[in-house]
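Below is the file coords.txt, which contains compact mmCIF, C-alpha atoms.
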```
# COMPACT_ATOMS: atom_id res chain seq x y z
CA MET A 1 0.00 0.00 0.00
CA SER A 2 3.02 2.28 -0.39
CA PHE A 3 1.22 4.30 -3.07
CA LEU A 4 -0.92 5.78 -0.29
CA THR A 5 2.10 7.38 1.33
CA ILE A 6 3.48 8.98 -1.85
CA ALA A 7 3.07 12.78 -1.78
CA ARG A 8 1.92 13.23 -5.37
CA TRP A 9 0.16 11.02 -7.89
CA SER A 10 0.09 11.52 -11.63
CA PRO A 11 -2.65 14.03 -12.53
CA TYR A 12 -4.07 11.42 -14.93
CA VAL A 13 -4.45 8.81 -12.17
CA VAL A 14 -6.19 11.45 -10.06
CA GLY A 15 -8.40 12.60 -12.95
CA VAL A 16 -9.44 9.07 -13.94
CA GLY A 17 -10.15 8.39 -10.26
CA ILE A 18 -12.41 11.44 -10.02
CA GLY A 19 -14.16 10.37 -13.24
CA ILE A 20 -14.89 6.91 -11.80
CA LEU A 21 -16.02 8.56 -8.55
CA SER A 22 -18.55 10.54 -10.59
CA TRP A 23 -19.99 7.28 -11.98
CA ILE A 24 -20.49 6.06 -8.41
CA SER A 25 -22.03 9.38 -7.39
CA PHE A 26 -24.59 9.31 -10.22
CA PHE A 27 -25.33 5.61 -9.83
CA VAL A 28 -25.65 5.42 -6.06
CA SER A 29 -26.82 8.90 -5.08
CA ASP A 30 -28.30 10.17 -8.36
CA LYS A 31 -26.28 13.35 -7.94
CA PRO A 32 -23.33 15.03 -9.59
CA ILE A 33 -20.29 15.85 -7.42
CA ALA A 34 -20.49 19.53 -6.46
CA CYS A 35 -19.42 21.75 -3.58
CA SER A 36 -20.34 25.41 -3.70
CA THR A 37 -24.01 25.34 -2.59
CA THR A 38 -22.81 24.03 0.77
CA PHE A 39 -20.88 27.25 1.38
CA ALA A 40 -24.03 29.29 0.69
CA LYS A 41 -25.97 27.09 3.12
CA ALA A 42 -23.29 27.46 5.77
CA SER A 43 -23.27 31.23 5.27
CA GLY A 44 -27.08 31.29 5.65
CA MET A 45 -26.87 29.18 8.80
CA ILE A 46 -24.31 31.56 10.31
CA GLU A 47 -26.56 34.49 9.43
CA ARG A 48 -29.55 32.72 10.98
CA ARG A 49 -27.58 32.20 14.19
CA PHE A 50 -26.91 35.93 14.50
CA ARG A 51 -30.05 37.43 13.04
CA GLY A 52 -32.63 34.76 13.80
CA ASP A 53 -35.14 33.01 11.55
CA GLU A 54 -35.81 36.20 9.56
CA ALA A 55 -32.49 35.61 7.79
CA ALA A 56 -33.55 32.14 6.65
CA LYS A 57 -36.62 33.62 4.94
CA LYS A 58 -34.55 35.19 2.17
CA PRO A 59 -35.79 33.75 -1.15
CA TYR A 60 -32.35 32.36 -1.98
CA TYR A 61 -32.11 30.47 1.31
CA GLU A 62 -35.65 29.16 0.87
CA LYS A 63 -34.64 27.96 -2.58
CA ILE A 64 -31.53 26.03 -1.48
CA GLY A 65 -32.79 25.07 2.02
CA LEU A 66 -30.67 25.60 5.11
CA SER A 67 -30.07 22.02 6.18
CA VAL A 68 -27.22 19.53 6.33
CA ASP A 69 -27.61 17.36 3.22
CA TRP A 70 -25.72 15.01 0.93
CA GLN A 71 -23.47 17.72 -0.54
CA TRP A 72 -22.73 19.12 2.93
CA MET A 73 -21.45 15.67 3.92
CA LEU A 74 -19.42 15.52 0.71
CA VAL A 75 -17.63 18.78 1.59
CA THR A 76 -17.05 17.50 5.15
CA GLY A 77 -15.62 14.29 3.71
CA LEU A 78 -13.43 16.32 1.37
CA VAL A 79 -11.69 18.07 4.29
CA MET A 80 -11.17 14.69 5.98
CA GLY A 81 -9.94 12.97 2.82
CA SER A 82 -7.41 15.68 2.10
CA PHE A 83 -6.22 15.60 5.73
CA LEU A 84 -5.86 11.81 5.59
CA SER A 85 -3.93 11.93 2.31
CA ALA A 86 -1.65 14.69 3.60
CA GLN A 87 -1.06 12.85 6.88
CA LEU A 88 -0.21 9.57 5.15
CA SER A 89 2.45 11.22 3.01
CA GLY A 90 3.71 13.52 5.76
CA SER A 91 2.80 16.60 3.71
CA PHE A 92 0.36 18.01 6.27
CA HIS A 93 1.73 21.25 7.64
CA LEU A 94 0.33 24.54 8.95
CA GLN A 95 1.23 26.97 6.21
CA PRO A 96 0.56 30.68 6.83
CA VAL A 97 1.41 31.94 3.31
CA PRO A 98 1.74 29.89 0.07
CA PRO A 99 5.32 29.89 -1.37
CA LEU A 100 4.35 31.35 -4.77
CA TRP A 101 2.45 34.20 -3.09
CA GLU A 102 5.35 34.86 -0.71
CA ALA A 103 7.84 35.06 -3.58
CA ALA A 104 5.75 37.71 -5.34
CA PHE A 105 4.08 39.66 -2.53
CA GLY A 106 6.05 38.97 0.65
CA SER A 107 5.43 36.95 3.78
CA SER A 108 2.81 39.14 5.50
CA PHE A 109 0.14 36.83 6.90
CA LEU A 110 -2.32 39.71 7.21
CA PHE A 111 -1.86 40.88 3.60
CA ARG A 112 -2.25 37.34 2.23
CA ASN A 113 -5.43 36.85 4.26
CA LEU A 114 -6.85 40.16 3.08
CA ALA A 115 -6.28 39.10 -0.54
CA ALA A 116 -7.80 35.69 0.22
CA LEU A 117 -10.80 37.42 1.84
CA VAL A 118 -11.43 39.57 -1.24
CA GLY A 119 -10.78 36.58 -3.54
CA GLY A 120 -13.14 34.47 -1.46
CA MET A 121 -15.86 37.10 -1.78
CA PHE A 122 -15.53 37.02 -5.58
CA ILE A 123 -15.50 33.19 -5.57
CA GLY A 124 -18.55 32.92 -3.33
CA PHE A 125 -20.48 35.60 -5.18
CA GLY A 126 -19.45 34.33 -8.63
CA ALA A 127 -20.16 30.66 -7.85
CA ARG A 128 -23.72 31.56 -6.80
CA TRP A 129 -24.16 33.87 -9.80
CA ALA A 130 -23.02 31.17 -12.24
CA ASP A 131 -24.85 28.50 -10.18
CA GLY A 132 -21.80 26.29 -9.82
CA CYS A 133 -18.06 26.07 -9.29
CA THR A 134 -15.03 24.22 -10.62
CA SER A 135 -16.47 20.89 -9.46
CA GLY A 136 -20.22 21.34 -10.14
CA HIS A 137 -19.78 23.06 -13.51
CA GLY A 138 -16.09 22.43 -14.30
CA ILE A 139 -16.11 18.65 -13.86
CA SER A 140 -19.63 17.29 -13.22
CA GLY A 141 -21.43 19.64 -15.60
CA THR A 142 -18.97 19.45 -18.48
CA LEU A 143 -18.89 15.64 -18.31
CA GLN A 144 -22.68 15.67 -18.77
CA LEU A 145 -22.08 17.98 -21.77
CA ALA A 146 -24.33 20.68 -20.26
CA LEU A 147 -24.11 23.94 -22.23
CA SER A 148 -24.34 26.01 -19.00
CA SER A 149 -21.30 24.21 -17.61
CA TRP A 150 -19.08 24.46 -20.68
CA VAL A 151 -19.78 28.21 -20.87
CA SER A 152 -19.10 28.63 -17.13
CA ALA A 153 -15.92 26.55 -17.15
CA VAL A 154 -14.48 28.54 -20.07
CA PHE A 155 -15.21 31.85 -18.32
CA PHE A 156 -13.84 30.62 -14.95
CA PHE A 157 -10.51 30.18 -16.72
CA VAL A 158 -10.75 33.33 -18.86
CA GLY A 159 -11.37 35.39 -15.70
CA GLY A 160 -8.72 33.51 -13.75
CA ILE A 161 -5.99 33.62 -16.39
CA VAL A 162 -6.45 37.36 -17.07
CA THR A 163 -6.57 38.22 -13.34
CA ALA A 164 -3.53 36.08 -12.52
CA ALA A 165 -1.57 37.68 -15.36
CA LEU A 166 -2.46 41.19 -14.15
CA LEU A 167 -1.77 40.31 -10.50
CA PHE A 168 1.61 38.70 -11.07
CA GLY A 169 2.51 41.04 -13.92
CA LEU A 170 2.11 43.99 -11.55
CA GLY A 171 3.27 42.40 -8.30
CA GLY A 172 5.65 39.65 -9.32
CA MET B 1 -31.45 2.16 -8.42
CA LYS B 2 -35.08 3.12 -8.14
CA ASP B 3 -34.84 2.96 -4.38
CA ALA B 4 -31.82 5.22 -4.34
CA LYS B 5 -33.66 7.78 -6.45
CA GLU B 6 -36.65 7.75 -4.18
CA THR B 7 -34.54 8.08 -1.06
CA SER B 8 -34.66 11.53 0.44
CA LYS B 9 -31.37 13.34 0.14
CA THR B 10 -31.14 13.64 3.90
CA SER B 11 -31.61 9.92 4.61
CA GLY B 12 -28.89 8.35 6.69
CA SER B 13 -27.40 6.03 4.11
CA GLN B 14 -27.29 8.75 1.46
CA LEU B 15 -25.55 11.11 3.90
CA LEU B 16 -22.95 8.39 4.46
CA TRP B 17 -22.50 7.96 0.70
CA GLY B 18 -21.98 11.73 0.44
CA LEU B 19 -19.34 11.59 3.17
CA GLY B 20 -17.59 8.65 1.53
CA ILE B 21 -17.57 10.21 -1.94
CA GLY B 22 -16.23 13.45 -0.43
CA LEU B 23 -13.54 11.53 1.42
CA VAL B 24 -12.24 9.91 -1.78
CA PHE B 25 -12.60 13.21 -3.68
CA GLY B 26 -10.52 15.04 -1.05
CA PHE B 27 -7.94 12.26 -0.99
CA LEU B 28 -7.55 12.41 -4.77
CA LEU B 29 -7.39 16.22 -4.94
CA GLN B 30 -4.68 16.28 -2.26
CA LYS B 31 -2.67 13.55 -3.99
CA GLY B 32 -2.98 15.47 -7.25
CA GLY B 33 -1.64 18.67 -5.68
CA ALA B 34 -4.89 20.52 -6.40
CA THR B 35 -5.25 21.61 -2.77
CA GLN B 36 -2.19 23.85 -3.17
CA TYR B 37 -2.34 27.54 -4.03
CA ASP B 38 0.89 27.25 -6.02
CA VAL B 39 -0.52 24.51 -8.27
CA ILE B 40 -3.81 26.32 -8.95
CA VAL B 41 -2.25 29.74 -9.55
CA GLY B 42 0.52 28.02 -11.54
CA GLN B 43 -2.25 26.78 -13.85
CA LEU B 44 -3.79 30.25 -14.20
CA LEU B 45 -0.32 31.63 -15.00
CA LEU B 46 -0.05 28.84 -17.63
CA LYS B 47 3.14 27.52 -16.01
CA ASP B 48 1.85 24.28 -14.47
CA PHE B 49 -0.90 22.33 -16.26
CA THR B 50 -1.67 19.91 -13.42
CA VAL B 51 -5.17 21.32 -12.81
CA LEU B 52 -6.24 21.05 -16.46
CA LYS B 53 -4.78 17.53 -16.72
CA ILE B 54 -6.80 16.43 -13.69
CA MET B 55 -9.99 18.13 -14.85
CA LEU B 56 -9.87 16.97 -18.46
CA SER B 57 -9.03 13.36 -17.64
CA ALA B 58 -11.87 13.38 -15.08
CA VAL B 59 -14.24 14.78 -17.71
CA VAL B 60 -13.32 12.17 -20.35
CA THR B 61 -13.55 9.26 -17.89
CA GLY B 62 -16.72 10.55 -16.28
CA MET B 63 -18.42 11.35 -19.59
CA LEU B 64 -17.75 7.93 -21.17
CA GLY B 65 -19.10 6.11 -18.10
CA ILE B 66 -22.07 8.37 -17.47
CA TYR B 67 -23.23 8.30 -21.12
CA ALA B 68 -22.75 4.52 -21.28
CA MET B 69 -24.86 4.12 -18.14
CA LYS B 70 -27.41 6.64 -19.39
CA GLY B 71 -27.83 4.56 -22.57
CA ARG B 72 -28.74 1.56 -20.39
CA GLY B 73 -31.13 3.61 -18.26
CA TRP B 74 -28.97 3.22 -15.15
CA VAL B 75 -28.46 6.92 -14.46
CA THR B 76 -30.26 10.19 -15.16
CA LEU B 77 -28.42 13.34 -16.21
CA HIS B 78 -28.77 16.49 -14.11
CA PRO B 79 -27.56 19.34 -16.33
CA LYS B 80 -27.88 22.78 -14.72
CA LYS B 81 -30.06 25.49 -16.17
CA GLY B 82 -28.10 28.43 -17.48
CA SER B 83 -28.08 31.67 -19.39
CA VAL B 84 -25.52 34.03 -20.90
CA GLY B 85 -26.10 36.44 -17.98
CA LYS B 86 -25.56 33.68 -15.43
CA ASN B 87 -22.66 31.71 -16.83
CA VAL B 88 -20.60 34.36 -18.63
CA ILE B 89 -20.77 37.10 -15.98
CA GLY B 90 -20.84 34.68 -13.03
CA GLY B 91 -17.95 32.78 -14.60
CA LEU B 92 -15.84 35.93 -14.95
CA ILE B 93 -16.55 37.05 -11.36
CA PHE B 94 -15.61 33.56 -10.18
CA GLY B 95 -12.44 33.70 -12.28
CA VAL B 96 -11.26 36.92 -10.62
CA GLY B 97 -11.68 35.24 -7.24
CA PHE B 98 -10.05 32.04 -8.51
CA ALA B 99 -6.81 33.97 -9.17
CA LEU B 100 -6.92 36.11 -6.00
CA LEU B 101 -7.82 33.32 -3.61
CA GLY B 102 -6.00 30.52 -5.43
CA TYR B 103 -8.54 27.94 -4.29
CA CYS B 104 -12.08 27.15 -5.43
CA PRO B 105 -14.95 25.96 -3.20
CA GLY B 106 -13.93 22.29 -3.49
CA THR B 107 -10.19 22.74 -3.26
CA ILE B 108 -10.43 25.22 -0.37
CA ALA B 109 -12.03 22.43 1.68
CA GLY B 110 -9.06 20.26 0.71
CA ALA B 111 -6.63 23.10 1.47
CA ILE B 112 -8.10 23.41 4.96
CA GLY B 113 -7.55 19.66 5.46
CA ASN B 114 -3.98 20.20 4.27
CA GLY B 115 -3.36 22.84 6.99
CA PHE B 116 -3.29 25.93 4.80
CA LEU B 117 -4.22 28.87 7.02
CA ASP B 118 -5.04 31.43 4.30
CA ALA B 119 -7.75 29.00 3.15
CA ALA B 120 -9.13 28.39 6.64
CA LEU B 121 -9.18 32.08 7.65
CA GLY B 122 -9.40 34.80 4.98
CA GLY B 123 -10.54 32.56 2.16
CA LEU B 124 -13.35 30.80 3.98
CA ALA B 125 -14.60 34.04 5.56
CA GLY B 126 -14.58 35.68 2.13
CA ILE B 127 -16.66 32.88 0.56
CA PHE B 128 -19.24 33.17 3.34
CA ILE B 129 -19.46 36.95 2.85
CA GLY B 130 -19.69 36.57 -0.94
CA THR B 131 -22.47 33.98 -0.84
CA GLY B 132 -24.32 36.04 1.81
CA LEU B 133 -24.08 39.09 -0.44
CA PHE B 134 -25.49 37.10 -3.34
CA ALA B 135 -28.39 35.84 -1.22
CA ALA B 136 -29.19 39.45 -0.30
CA LEU B 137 -29.14 40.60 -3.94
CA TYR B 138 -30.78 37.48 -5.39
CA PRO B 139 -34.38 38.78 -5.63
CA ARG B 140 -33.18 41.66 -7.81
CA LEU B 141 -30.72 39.63 -9.91
CA GLU B 142 -33.14 36.78 -10.49
CA LYS B 143 -35.59 38.87 -12.48
CA GLY B 144 -32.94 40.76 -14.40
CA ILE B 145 -29.43 39.83 -15.43
CA LEU B 146 -29.67 36.11 -14.56
CA LYS B 147 -32.44 35.72 -17.17
CA VAL B 148 -30.57 37.36 -20.05
CA GLY B 149 -29.93 34.90 -22.89
CA ASP B 150 -31.61 31.97 -21.14
CA TYR B 151 -30.90 28.54 -22.64
CA GLY B 152 -32.17 26.31 -19.83
CA ASP B 153 -30.66 22.92 -19.04
CA ILE B 154 -29.83 21.99 -22.63
CA THR B 155 -26.91 19.64 -23.32
CA LEU B 156 -24.62 19.83 -26.34
CA PRO B 157 -26.17 16.76 -28.08
CA GLU B 158 -29.63 18.33 -27.61
CA LEU B 159 -28.41 21.70 -28.86
CA LEU B 160 -26.90 20.11 -31.99
CA LYS B 161 -29.86 17.70 -32.32
CA VAL B 162 -27.58 14.68 -32.70
CA ASN B 163 -27.04 11.33 -31.02
CA ASP B 164 -25.17 11.55 -27.68
CA TRP B 165 -22.15 9.67 -29.02
CA ALA B 166 -21.81 12.07 -31.96
CA VAL B 167 -20.66 14.56 -29.32
CA VAL B 168 -19.09 12.23 -26.74
CA ILE B 169 -16.63 10.69 -29.21
CA PRO B 170 -15.33 13.93 -30.79
CA VAL B 171 -15.05 15.61 -27.35
CA THR B 172 -13.11 12.58 -26.06
CA ALA B 173 -10.83 12.64 -29.10
CA GLY B 174 -10.31 16.41 -28.78
CA ILE B 175 -9.39 16.21 -25.09
CA VAL B 176 -7.07 13.21 -25.57
CA LEU B 177 -5.28 14.98 -28.44
CA PHE B 178 -4.98 18.19 -26.40
CA LEU B 179 -3.48 16.30 -23.45
CA ALA B 180 -1.10 14.43 -25.76
CA TRP B 181 -0.03 17.79 -27.22
CA LEU B 182 0.50 19.22 -23.70
CA GLU B 183 2.69 16.22 -22.82
CA SER B 184 4.68 16.58 -26.02
CA LEU B 185 5.61 20.12 -24.96
CA GLY B 186 7.18 18.54 -21.87
```
Go through the file and emit its structure as structure tokens.
Amino acid sequence: MSFLTIARWSPYVVGVGIGILSWISFFVSDKPIACSTTFAKASGMIERRFRGDEAAKKPYYEKIGLSVDWQWMLVTGLVMGSFLSAQLSGSFHLQPVPPLWEAAFGSSFLFRNLAALVGGMFIGFGARWADGCTSGHGISGTLQLALSSWVSAVFFFVGGIVTAALLFGLGG
Amino acid sequence: MKDAKETSKTSGSQLLWGLGIGLVFGFLLQKGGATQYDVIVGQLLLKDFTVLKIMLSAVVTGMLGIYAMKGRGWVTLHPKKGSVGKNVIGGLIFGVGFALLGYCPGTIAGAIGNGFLDAALGGLAGIFIGTGLFAALYPRLEKGILKVGDYGDITLPELLKVNDWAVVIPVTAGIVLFLAWLESLG
């Protein structure tokens, strides 16, 4: 079982594995693998905790439902699976700032987190606007050949490639 | 299969399946390096093609299996409804965040499991704020921009009015050739 303790696998092994996992997901649970709705639910649940049941009456929260469901468990499992994989290979470590960021923008933990906060806001807002993320549209939607997902996936990368070029062109 | 479809999505066994599928998904993403900021931003800077290799090989594998099972009536497709306003503008907004944050909603969960603190703190807080903001604006967006250029949940074979495999096979060939070309560049 030494392959479990290797730090990196070939991207093709990983990709084929995710593809097979999507067969299982459709066959057993009748659902595509997706993640981003769970973050909207969690955000709504946090808001409900602070502002009471009024918050849960927003049309968007009524539409998605503020409850722990299949996808919520998938995201929970994802954190655990990544932790397990990282532990087995000894690559788990508390990392304040990613190396590539540090090389371009310095080692400030606060600055990196501010950028991540703004980036996260765009990701959260954009994933809800497009109705999916890199997993729901980018993998599960494109493999079903859904038009909405192919358009979204292309524009995820157009937006990302242009922004990264500007960011690292200016800062790095 | 019929039973699984009729099972409520909050039933105990389905929740366990969700957890298990997530566990394997997280394991694979971490092994592939996709939980790392450097790998994701390296892709957006077109310096490291790991992310595209993972995604495209997942799409080819998934598509061949799902369409084969669909042909036998074993699975049902669930394409998402979309529109130009939704997918183009939403996609671009997402893309800006993709480059700034360096994780997406799936990989940030993996990054947290990997111990990356910018994911667990700033990134996660930002996603919660962003989704909350969208929920607040949703009633206004829903009737306006999200409806522009609506095309519903159409799939490419339906759009082109052809047999499923008339799209599956060329898309498979195109992706395999693209990946072979990427590898040939070294």
Please write out, as AutoDock Vina command-line options, where the centre of an axis-aligned box around all listed atoms of stretch 10-22 of chain A lies and how long its edges are, in Å to one decimal, after adding 6 Å on each side.
```
--center_x -9.2 --center_y 10.5 --center_z -11.7 --size_x 30.6 --size_y 19.1 --size_z 18.4
```
Between atom CA of A:Leu166 and atom CA of A:Ser152, distance in Å (one decimal): 21.1 Å
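For the pair atom CA of B:Pro139 and atom CA of A:Gly132, the interatomic distance is 18.2 Å.
Pairwise distance (atom CA of B:Gly110, atom CA of B:Leu29) equals 7.1 Å.
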Using all atoms listed in the file, determine which residues lie at most 12 Å from A:Lys63, disregarding the query and same-chain residues fewer than 3 positions distant; provide the list as a VMD selection string. (chain A and resid 37 40 to 41 44 56 to 60 66 to 67) or (chain B and resid 135 138 to 139 142)
Would you list the residues near (-20.2, 6.6, -21.4) (no more than 10 Å away, in the coordinates of the file, using only C-alpha atoms) as number ranges by chain? A: 23, 143-144; B: 60-72, 164-165, 168-169
For B:Asp153, which residue out of B:Ile93, B:Val41, B:Leu77, B:Ala109 is the nearest one, using all atoms listed in the file?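 The closest residue to B:Asp153 is B:Leu77.
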Contacts of A:Leu84 within 10 Å, only C-alpha atoms, excl. fewer than 5 positions in-chain, as a list in words: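 Once the nearby chain positions are removed, what remains is Leu4, Leu78, Val79, Ser89, Gly90 and Phe92 of chain A; Leu23, Val24, Gly26, Phe27, Gln30, Gly113 and Asn114 of chain B.
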Expected file: the selected residues, C-alpha atoms, as a compact mmCIF listing (two decimals), in the coordinates of the input:
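The result, stored in out-v2.txt:
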```txt
# COMPACT_ATOMS: atom_id res chain seq x y z
CA LEU A 4 -0.92 5.78 -0.29
CA LEU A 78 -13.43 16.32 1.37
CA VAL A 79 -11.69 18.07 4.29
CA SER A 89 2.45 11.22 3.01
CA GLY A 90 3.71 13.52 5.76
CA PHE A 92 0.36 18.01 6.27
CA LEU B 23 -13.54 11.53 1.42
CA VAL B 24 -12.24 9.91 -1.78
CA GLY B 26 -10.52 15.04 -1.05
CA PHE B 27 -7.94 12.26 -0.99
CA GLN B 30 -4.68 16.28 -2.26
CA GLY B 113 -7.55 19.66 5.46
CA ASN B 114 -3.98 20.20 4.27
```
Env of A:Trp72: 10 Å cut, atoms = only C-alpha atoms, seq-sep filter 4 positions within chain, self excluded. Answer as JSON, numbers by chain. {"A": [34, 35, 36, 37, 38, 39, 41, 42, 67, 68, 76, 77, 78], "B": [15, 18, 19, 22]}
Could you tell me which of B:Ala119, B:Ile175, B:Cys104, B:Ile89 comes closest to A:Gln95 if we count only C-alpha atoms?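 Residue with the minimum atom-to-atom distance to A:Gln95: B:Ala119.
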Min atom-atom distance to B:Lys81 from the set A:Trp150, A:Phe83, A:Trp70, A:Trp9, counting only C-alpha atoms, belongs to A:Trp150
Spatial neighbours of A:Ala103, 12 Å, only C-alpha atoms, chain gap at least 3 places, as a VMD selection string: (chain A and resid 97 to 100 106 to 108 112 168 171 to 172) or (chain B and resid 38)
Between B:Leu52, B:Leu159, B:Ile127, B:Ala166, smallest distance to chain A by all atoms listed in the file belongs to B:Ile127
What's the 6 Å shell around A:Gly124, counting only C-alpha atoms, without same-chain residues fewer than 3 positions away, as a VMD selection string? (chain A and resid 120 to 121 127) or (chain B and resid 127 130 to 131)
If we draw a sphere of 12 Å around (-5.5, 41.2, 1.1), which residues have at least one atom in it when counting only C-alpha atoms? Please report them as a list of chain:residue names.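 Residues close enough to count: A:Val97, A:Trp101, A:Phe105, A:Gly106, A:Ser108, A:Phe109, A:Leu110, A:Phe111, A:Arg112, A:Asn113, A:Leu114, A:Ala115, A:Ala116, A:Leu117, A:Val118, A:Gly119, A:Gly120, A:Met121, B:Gly97, B:Leu100, B:Leu101, B:Asp118, B:Leu121, B:Gly122, B:Gly123, B:Gly126.
In terms of minimum interatomic distance to chain A, B:Gly95 ranks closest within B:Gly174, B:Gly42, B:Gly95, B:Gly144, counting only C-alpha atoms.
Among A:Met73, A:Ile46, A:Val151, A:Val162, the residue with the shortest atom-to-atom distance to A:Asp131, counting all atoms listed in the file, is A:Val151.
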Kindly write stretch 40-53 of chain B with N, CA and C atoms to a file, as a CSV table (one decimal), in the first residue's frame.
```csv
chain,number,residue,atom,x,y,z
B,40,ILE,N,-2.7,25.7,-8.3
B,40,ILE,CA,-3.8,26.3,-9.0
B,40,ILE,C,-3.4,27.6,-9.6
B,41,VAL,N,-2.7,28.5,-8.9
B,41,VAL,CA,-2.3,29.7,-9.5
B,41,VAL,C,-1.2,29.5,-10.7
B,42,GLY,N,-0.4,28.4,-10.5
B,42,GLY,CA,0.5,28.0,-11.5
B,42,GLY,C,-0.2,27.7,-12.8
B,43,GLN,N,-1.4,27.1,-12.7
B,43,GLN,CA,-2.2,26.8,-13.9
B,43,GLN,C,-2.7,28.1,-14.5
B,44,LEU,N,-3.2,29.0,-13.7
B,44,LEU,CA,-3.8,30.2,-14.2
B,44,LEU,C,-2.7,31.1,-14.8
B,45,LEU,N,-1.5,30.9,-14.4
B,45,LEU,CA,-0.3,31.6,-15.0
B,45,LEU,C,0.2,30.8,-16.2
B,46,LEU,N,-0.4,29.7,-16.5
B,46,LEU,CA,-0.1,28.8,-17.6
B,46,LEU,C,1.4,28.3,-17.5
B,47,LYS,N,1.8,28.1,-16.2
B,47,LYS,CA,3.1,27.5,-16.0
B,47,LYS,C,3.1,26.1,-15.6
B,48,ASP,N,2.0,25.6,-15.0
B,48,ASP,CA,1.8,24.3,-14.5
B,48,ASP,C,0.5,23.8,-14.9
B,49,PHE,N,0.4,22.7,-15.7
B,49,PHE,CA,-0.9,22.3,-16.3
B,49,PHE,C,-1.6,21.2,-15.5
B,50,THR,N,-1.1,21.0,-14.2
B,50,THR,CA,-1.7,19.9,-13.4
B,50,THR,C,-3.2,20.0,-13.3
B,51,VAL,N,-3.7,21.2,-13.0
B,51,VAL,CA,-5.2,21.3,-12.8
B,51,VAL,C,-6.0,20.9,-14.1
B,52,LEU,N,-5.5,21.4,-15.2
B,52,LEU,CA,-6.2,21.1,-16.5
B,52,LEU,C,-6.1,19.6,-16.8
B,53,LYS,N,-5.0,19.0,-16.5
B,53,LYS,CA,-4.8,17.5,-16.7
B,53,LYS,C,-5.7,16.7,-15.9
```
